[in-house]
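*Asks:* I'd like to ask some things about the structure below.
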Amino acid sequence: MMRSLAFRPPELSERKAPDNMPEPMPENIRLPFFKVNISENGEITTYGNDYYFTDRLDELVKTVNQSDEEYGIITEYDLRFMKSANNRTIVFADVSSEKAMMKGLVRNSIVTGAVGYVIFFVISLILAKWVTKPVEKTWNEQKQFIADASHELKTPLTVIITNAEMMSDKNYTEDDRENFTRNILSTSKRMRGLVESLLELARLDNSNTQIKKEKFDFSSLVNDCILPFEPLFYENNTELSADIEENTEIDGDRDKLRQVAEILLDNALKYSDPADKVTITLKKQSGNCILSVSGLGTPLSKEECQNIFKRFYRVDKSRNNNGSYGLGLSIAKSIIEGHGGKIWAESVNGYNIFTVSLPL
């Protein structure tokens, strides 16, 4: 077979056949090239001309002789030529198969590139949506949080402004004005509690805030939290039962975890059925300590068990005057997650159970 003509070969007259040159190919085997010899009197002799352009040799030779290049391509015939220095020998090679191969390669490259671009574009959309989903969720939660906080602050401010305006009205008696003063004071305290809760959440959400951990007896801390709640449950005609496993030591922030226990007890006090009892338990299980508070109350649905830890979420929207803003469980969740633990709610046989799992 003929070598590629991209490199300039030695002149034909200078070529020598090697000693190990194979025998000439049989005449019935046709290769995609042929040679033309031109005598001094212009007679053309061809080899392989029964396969290529036998009726156009004169035109091909004329075209090659008109070219100043030693080798090149005749585009209209898809032939590559190479001629000797004396223009007496010309070799022609068919390049139609190369062109067809190049066209096929270009076509396949375009198709492959287009398909790859579409696939890459679709994957990019999916990845972009997946990457931005947490940001979008955080952004929506932030907007909802601002709207809820504004609404919760608007109500006590309206009460304070209304009572202050009524105090300035001389038509009201001194006793009425004292009532207005008490309303302002009570509402201001509630609003202060809301602002403090919002600040607490902001501090817990701050990634730079470090939880100060120390080893302490969690059993003793839970028992201390129960003591001030016993008279409150008693006044509410609700029995408070405790089952605390002793000597449960953990690494954590004592004050933050005390706040979690108080939030769970306060939540049970507000929303449990007074006719039944509230049970608080603490036990060790599989390398964790499990704190749970359960009480009979309005059963929570599966969706409510997930949403109840969201900020300003209340199952009973009508309970707005019980001192709750729907932030306690959100604060408890942030504290527990900051300790590497988990908190969840479930409803079993009418009992709503709030459970905290902390690593020992």
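Every chain in the structure tokens has a letter given in the order shown (A, B, ...), and although residue numbers restart at 1 in each chain, ligands are simply numbered from 1 in the order shown.
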Give me every alpha helix (DSSP H) residue in region 6-193 of chain A, going by DSSP on the backbone, as a PyMOL selection string.
*Replies:* chain A and resi 57-66+96-167+174-193
*Asks:* Next, the residues of the selection above should be written as a CSV table (one decimal), in the first residue's frame with C-alpha atoms.
*Replies:*
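The resulting file, selection.csv, is shown below:
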chain,number,residue,atom,x,y,z
A,57,LEU,CA,-6.0,10.3,-18.4
A,58,ASP,CA,-5.0,13.1,-20.7
A,59,GLU,CA,-7.1,15.5,-18.7
A,60,LEU,CA,-5.6,14.3,-15.4
A,61,VAL,CA,-2.0,14.5,-16.7
A,62,LYS,CA,-2.7,18.0,-18.1
A,63,THR,CA,-4.1,19.2,-14.8
A,64,VAL,CA,-1.1,17.8,-12.9
A,65,ASN,CA,1.4,19.3,-15.3
A,66,GLN,CA,-0.2,22.7,-15.0
A,96,SER,CA,-12.8,9.4,-1.8
A,97,SER,CA,-12.7,6.9,1.0
A,98,GLU,CA,-10.8,9.3,3.1
A,99,LYS,CA,-13.3,12.1,2.4
A,100,ALA,CA,-16.2,9.7,3.2
A,101,MET,CA,-14.4,8.7,6.4
A,102,MET,CA,-13.9,12.4,7.4
A,103,LYS,CA,-17.5,13.3,6.6
A,104,GLY,CA,-18.6,10.3,8.7
A,105,LEU,CA,-16.3,11.4,11.5
A,106,VAL,CA,-17.5,15.0,11.4
A,107,ARG,CA,-21.1,13.8,11.3
A,108,ASN,CA,-20.7,11.5,14.2
A,109,SER,CA,-18.8,14.1,16.1
A,110,ILE,CA,-21.6,16.6,15.6
A,111,VAL,CA,-24.2,14.1,16.6
A,112,THR,CA,-22.2,13.0,19.6
A,113,GLY,CA,-21.5,16.5,20.6
A,114,ALA,CA,-25.1,17.6,20.3
A,115,VAL,CA,-26.3,14.6,22.3
A,116,GLY,CA,-23.6,15.2,24.9
A,117,TYR,CA,-24.5,18.9,25.1
A,118,VAL,CA,-28.2,18.0,25.7
A,119,ILE,CA,-27.3,15.4,28.3
A,120,PHE,CA,-24.9,17.8,30.0
A,121,PHE,CA,-27.5,20.6,29.9
A,122,VAL,CA,-30.1,18.3,31.5
A,123,ILE,CA,-27.7,17.1,34.2
A,124,SER,CA,-26.7,20.7,34.8
A,125,LEU,CA,-30.3,21.7,35.4
A,126,ILE,CA,-30.8,18.8,37.8
A,127,LEU,CA,-27.6,19.5,39.7
A,128,ALA,CA,-28.4,23.2,39.8
A,129,LYS,CA,-31.8,22.5,41.2
A,130,TRP,CA,-30.4,20.0,43.7
A,131,VAL,CA,-27.7,22.4,44.8
A,132,THR,CA,-30.0,25.4,45.1
A,133,LYS,CA,-32.8,23.5,46.8
A,134,PRO,CA,-31.4,23.9,50.4
A,135,VAL,CA,-30.7,27.6,49.7
A,136,GLU,CA,-34.2,28.0,48.3
A,137,LYS,CA,-35.7,26.2,51.3
A,138,THR,CA,-33.6,28.4,53.7
A,139,TRP,CA,-34.7,31.5,51.9
A,140,ASN,CA,-38.4,30.6,52.1
A,141,GLU,CA,-38.1,29.7,55.7
A,142,GLN,CA,-36.3,33.0,56.4
A,143,LYS,CA,-39.1,35.0,54.6
A,144,GLN,CA,-41.8,33.0,56.5
A,145,PHE,CA,-39.9,33.6,59.8
A,146,ILE,CA,-39.8,37.3,59.2
A,147,ALA,CA,-43.5,37.4,58.3
A,148,ASP,CA,-44.5,35.3,61.4
A,149,ALA,CA,-42.3,37.4,63.7
A,150,SER,CA,-43.7,40.6,62.4
A,151,HIS,CA,-47.2,39.3,62.9
A,152,GLU,CA,-46.5,38.1,66.5
A,153,LEU,CA,-44.9,41.4,67.4
A,154,LYS,CA,-47.7,43.4,65.8
A,155,THR,CA,-50.4,42.0,68.1
A,156,PRO,CA,-48.7,43.0,71.5
A,157,LEU,CA,-47.6,46.4,70.1
A,158,THR,CA,-51.2,47.1,69.0
A,159,VAL,CA,-52.4,46.2,72.5
A,160,ILE,CA,-49.8,48.4,74.1
A,161,ILE,CA,-50.6,51.4,71.8
A,162,THR,CA,-54.3,51.0,72.3
A,163,ASN,CA,-54.1,50.9,76.1
A,164,ALA,CA,-51.7,53.9,76.1
A,165,GLU,CA,-54.1,55.9,74.1
A,166,MET,CA,-57.0,55.0,76.4
A,167,MET,CA,-54.9,56.0,79.4
A,174,GLU,CA,-58.5,56.0,87.7
A,175,ASP,CA,-59.4,52.3,88.1
A,176,ASP,CA,-59.7,52.0,84.4
A,177,ARG,CA,-56.3,53.6,83.9
A,178,GLU,CA,-54.8,51.1,86.4
A,179,ASN,CA,-56.2,48.3,84.3
A,180,PHE,CA,-54.7,49.8,81.2
A,181,THR,CA,-51.3,50.0,83.0
A,182,ARG,CA,-51.5,46.4,84.0
A,183,ASN,CA,-52.4,45.4,80.4
A,184,ILE,CA,-49.4,47.3,79.1
A,185,LEU,CA,-47.1,45.7,81.6
A,186,SER,CA,-48.4,42.2,81.0
A,187,THR,CA,-48.2,42.6,77.2
A,188,SER,CA,-44.8,44.1,77.4
A,189,LYS,CA,-43.5,41.1,79.4
A,190,ARG,CA,-44.9,38.7,76.9
A,191,MET,CA,-43.4,40.7,74.0
A,192,ARG,CA,-40.0,40.7,75.9
A,193,GLY,CA,-40.3,36.9,76.1
*Asks:* Give me, as a PyMOL selection string, all polymer residues having an atom no more than 12 Å from Leu291 (chain A), counting only C-alpha atoms and skipping those fewer than 2 positions away in the same chain.
*Replies:* chain A and resi 218-219+221-223+242-245+248+257-258+260-261+264-265+279-285+288-289+293-294+336+341-345+353-359
*Asks:* Find the spatial neighbours of Glu262 (chain A), counting only C-alpha atoms, within a cut-off of 9 Å - ignore same-chain residues fewer than 6 positions away - and output them as a ChimeraX atom specification.
*Replies:* /A:222,225-226,229
*Asks:* For Leu204 (chain A), which of A:His339, A:Lys35, A:Lys270, A:Arg56 is the closest residue, counting only C-alpha atoms?
*Replies:*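 Checking each candidate against Leu204 (chain A), we get A:His339 as the closest.
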*Asks:* Quick one: pull the distance between CA of Glu70 (chain A) and CA of Pro32 (chain A), Å, one decimal.
*Replies:*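 For CA of Glu70 (chain A) relative to CA of Pro32 (chain A), the distance reads 19.9 Å.
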*Asks:* Show me, as a PyMOL selection string, the residues that have an atom within 10 Å of Asp205 (chain A) when counting only C-alpha atoms, minus same-chain residues fewer than 5 positions from it.
*Replies:* chain A and resi 199-200+331+334-335+338
*Asks:* Tell me, as a ChimeraX atom specification, which residues lie within 12 Å of Ile90 (chain A), counting only C-alpha atoms; anything in the same chain fewer than 6 positions away does not count.
*Replies:* /A:11-13,33-39,44-47,57,60-65,70-72,79-84
*Asks:* Can you measure CA of Lys215 (chain A) to CA of Leu327 (chain A) for me? One decimal in Å is fine.
*Replies:* 27.7 Å
*Asks:* Can you list every residue in region 18-245 of chain A that DSSP puts in strand (DSSP E), as a ChimeraX atom specification?
*Replies:* /A:33-38,44-47,71-74,79-83,89-94,214-217,239-244
*Asks:* Identify which of the residues A:Leu360, A:Tyr234, A:Thr75, A:Thr298 lies closest to Asp217 (chain A), counting only C-alpha atoms when measuring atom-to-atom distances.
*Replies:*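 Smallest separation from Asp217 (chain A) among the options: A:Leu360.
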*Asks:* May I ask which of the residues A:Leu300, A:Ile263, A:Ala93, A:Leu198 is the closest one to Ala332 (chain A), counting only C-alpha atoms?
*Replies:*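 Closest candidate: A:Ile263.
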*Asks:* Provide the CA of Ser330 (chain A) to CA of Tyr313 (chain A) distance in Å, to one decimal place.
*Replies:* 9.0 Å
